[in-house]
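Heads up: the structure comes next, in structure tokens.
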Amino acid sequence: MIPAIFVFIYLAAVVYIGVFAFRRSEGAKAEDFFLANRSLGSFVFLFSLFGTNMTAVAILGSSGHAFTNGIVTYGLMASSSGLVIPLTIFLIGTRVWALGKKYGFITPVQIFRDRWECSHIGTVIFALQAVLLVPYIIIGIMGGGTTLSAISGGFVPFWLGGAVVAMVVMSYVFFGGMRGTAWVNTFQTILFLVFGVIAIGVIGSGMGGFGGAVEALGSQPATSWLLTRERISPYYFFSYTFIPLSAIAFPHILIFCLTAKKMVQFKKTVIFYPLCILLIWFPCVFLGVMANRTAGEIPAIRAKQEARRVLATQGKTMEPEQRDEVREQAAGDDVILHLLHHYAPLWLAGILGAGIMAAVMASDSQILALSTMFAEDFFAFYGGRRRFGERAQVQTGRLFVIVLTVLAYVVALRAPETIFEIAIQYAFSGFAAMSPLMIAALFWRGSTKWGALASTVWVAAAVAAVAVFQQTYPAPPPGPPAVVWSPGGTEVLARTPSGTSVFGFMPVVPMVVVSALLMLVVSKLTPKPSAATVEKYFSK
Amino acid sequence: MKRALLVLAVAALYVLHQDIWFWRTPRPLVFGVIPVGLFYHGCFSVAASLLMWLLVRHAWPHHIEREVEGAGGEGGAER
């Protein structure tokens, strides 16, 4: 219960930050609520933008993935992100910021509508972005409920934990808007960074140092592969470098890019972004791998390894549902909680638990982004602001925050978590495949609204097709993929233990490539926006 | 010329991410604990940061900054 008390203190601090931000706000101005008046300085801009992108995946997911898959996790998810994300912020984020400053844009859809002289096509893009974003909010509430329940040793039930997290997030987003969200994200990022350093020290000391553990893992055939990447295909590894393209297509990241006071604020963000990733992901991945040496001391981790062994040896003969159940038991998302519970003193586990809560609660930016998009791209665009005024628009955005959070909480109580975890996988690929839209809008004079529509429809269809495919063909046990279509002996389509492969690549590769091609070909064949509009974006 | 070199540097770093040479071996263990494949990608993150520093220094879109913020818009002391 002591760790839970620390977590509740943290939650109270976060609400206070939201209320404090509310006091600093400038009445009912849309730019102030949705973009903090475009006034964030270097420090808050760096940490809040980084924190916005670091969801529960960063701490719980990375250590869990490393527990199951080994050191490959860092190369797959972290180091590629450390190159691609700051590069896209440098190339695209700065230009989006400049357009926002110049023309008053608040959402990416406003840029698309203006750039391609379209209205309903913008609504289609808005709808797809919203559909892909909602699972994050639901999973954030679920993660909050699960983590609070685990940290309190079951004293706080899942439904109450989820309700508390939903209320806290809703409060500071409702009151503080972008300013509150940015400040909370900054506070959370500092907690993540401190968390990583302390956690590795405490757990390393508890395990008697890591040298012996690494040697022992490397000397046993059952675990030595965790220290290499021999079980991962180079095609799969390469495919993962496309996933970070999603970051700059996420509406919450693009909207965050509009909050900087000056363009110079981007400089520190792009330079330090890879180092922040290093400081957070490296300890989490390393600890996740090391958790495999703690089975003798921690029964819960022993049970996970046993489930993994059963899956490897008997998986082929199991029914798909039974296989999914064993796979769930073998999943390592909570290993870091077990390590802390076992090795850290209670008070420290509480502080570190607050750090984990900070990671889990990163759905605030998505809630605010959806609220901003609804208020700007829908309410204001279809005449609401003109008829009812700016104050009504901001109140609509606030009301949307409440409705969305309550709906997400109700769904979180009723639906199984795995559905939304899978939906997030699709969402990453979907947003990555939408990145050609913004690239074309900013860098190609010849792009058209019809090219944008073709790309958007393709992304929606591809995400749906992958979802249907994975529902139709259950995941095989660990090992070689189940080939579904191989005309002339060429493996075209296969179901892998963790997803789908197309010509050996993850679906994100053909999704991005086809999306870019459709933008190119359809734009070539369709009429361009007026010369005045094109000049507005490409004048020297 | 400078721009071409920077594009080349970005492309080279992207290619270097696919480090097939450390694929199947954990050794040497750097500092006695870190498998070489993990250490390599830790160094890759530092290299990415250095590359971003180069881009900011030599390829910063000053024309956009000037257009939006005027002559005094380059951040002064924050540069």
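Letters A, B, ... mark the chains of the structure tokens in the order given; residue numbers begin at 1 per chain; ligand numbers begin at 1, in order shown.
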
Show me, as a Markdown table, the residues of chain B having an atom within 8 Å of chain A, each with the closest atom pair and its distance in Å, using only C-alpha atoms.
| residue | atom | partner | partner_atom | distance |
| --- | --- | --- | --- | --- |
| B:Tyr14 | CA | A:Leu83 | CA | 7.7 |
| B:His17 | CA | A:Ser80 | CA | 7.1 |
| B:Gln18 | CA | A:Phe238 | CA | 6.7 |
| B:Ile20 | CA | A:Pro234 | CA | 7.6 |
| B:Phe22 | CA | A:Thr228 | CA | 7.8 |
| B:Trp23 | CA | A:Arg229 | CA | 5.2 |
| B:Arg24 | CA | A:Glu230 | CA | 5.0 |
| B:Thr25 | CA | A:Thr228 | CA | 5.6 |
| B:Pro26 | CA | A:Leu227 | CA | 5.3 |
| B:Gly32 | CA | A:Gly211 | CA | 6.0 |
| B:Val33 | CA | A:Gly211 | CA | 5.0 |
| B:Ile34 | CA | A:Val214 | CA | 7.9 |
| B:Pro35 | CA | A:Leu227 | CA | 6.1 |
| B:Gly37 | CA | A:Thr228 | CA | 6.7 |
| B:Leu38 | CA | A:Ile71 | CA | 6.0 |
| B:His41 | CA | A:Gly75 | CA | 5.9 |
| B:Gly42 | CA | A:Leu278 | CA | 6.5 |
| B:Phe44 | CA | A:Ser79 | CA | 6.5 |
| B:Ser45 | CA | A:Pro274 | CA | 5.4 |
| B:Val46 | CA | A:Leu275 | CA | 6.4 |
| B:Ala48 | CA | A:Leu83 | CA | 5.4 |
| B:Ser49 | CA | A:Ile271 | CA | 5.1 |
| B:Leu50 | CA | A:Ile271 | CA | 7.2 |
| B:Met52 | CA | A:Ile271 | CA | 5.1 |
| B:Trp53 | CA | A:Ile271 | CA | 5.5 |
| B:Val56 | CA | A:Lys267 | CA | 6.2 |
| B:Ile64 | CA | A:Ala98 | CA | 7.0 |
| B:Glu65 | CA | A:Met263 | CA | 6.5 |
| B:Val68 | CA | A:Lys102 | CA | 6.3 |
| B:Glu69 | CA | A:Lys262 | CA | 7.9 |
| B:Gly73 | CA | A:Lys262 | CA | 7.4 |
| B:Glu74 | CA | A:Val264 | CA | 6.2 |
| B:Gly75 | CA | A:Val264 | CA | 5.4 |
| B:Glu78 | CA | A:Val264 | CA | 7.1 |
| B:Arg79 | CA | A:Val264 | CA | 6.9 |

- prompt: Residues at most 7 Å from region 136-140 of chain A, counting only C-alpha atoms, excluding those fewer than 4 positions away in the same chain, as a ChimeraX atom specification?
  reply: /A:144,360-363,366-367,408-409,412,420,424

- prompt: Which residue out of A:Ile280, A:Val513, A:Leu368, A:Leu442 has the minimum interatomic distance to Thr181 (chain A) when only C-alpha atoms are used?
  reply: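 With only C-alpha atoms as the atom set, the closest residue is A:Leu368.
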
Straight-line distance linking CA of Gly353 (chain A) with CA of Ile198 (chain A), stated in Å to one decimal: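 Computed distance, CA of Gly353 (chain A) to CA of Ile198 (chain A), equals 11.8 Å.
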
field: 9 Å contact set for Met506 (chain A), only C-alpha atoms, chain neighbours under 6 positions out, as a list in words
entry: Tyr235, Tyr236, Phe238, Ser239, Tyr240, Gly499 and Thr500 of chain A

- prompt: Which of region 164-344 of chain A counts as helix (DSSP H, G or I) under DSSP, as a PyMOL selection string please?
  reply: chain A and resi 164-206+211-219+221-227+234-242+245-249+251-257+265-293+299-317+320-330+335-343

Proximity to Ser171 (chain A) - best of A:Ala454, A:Val15, A:Leu413, A:Gly143, only C-alpha atoms: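 Closest residue, counting only C-alpha atoms: A:Val15.
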
- prompt: What is the CA of Ser447 (chain A) to CA of Ile111 (chain A) distance in Å?
  reply: 13.4 Å

task: Would you work out the distance separating CA of His58 (chain B) from CA of Met438 (chain A), expressed in Å to one decimal?
output: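 Here the two named atoms are 23.9 Å from each other.
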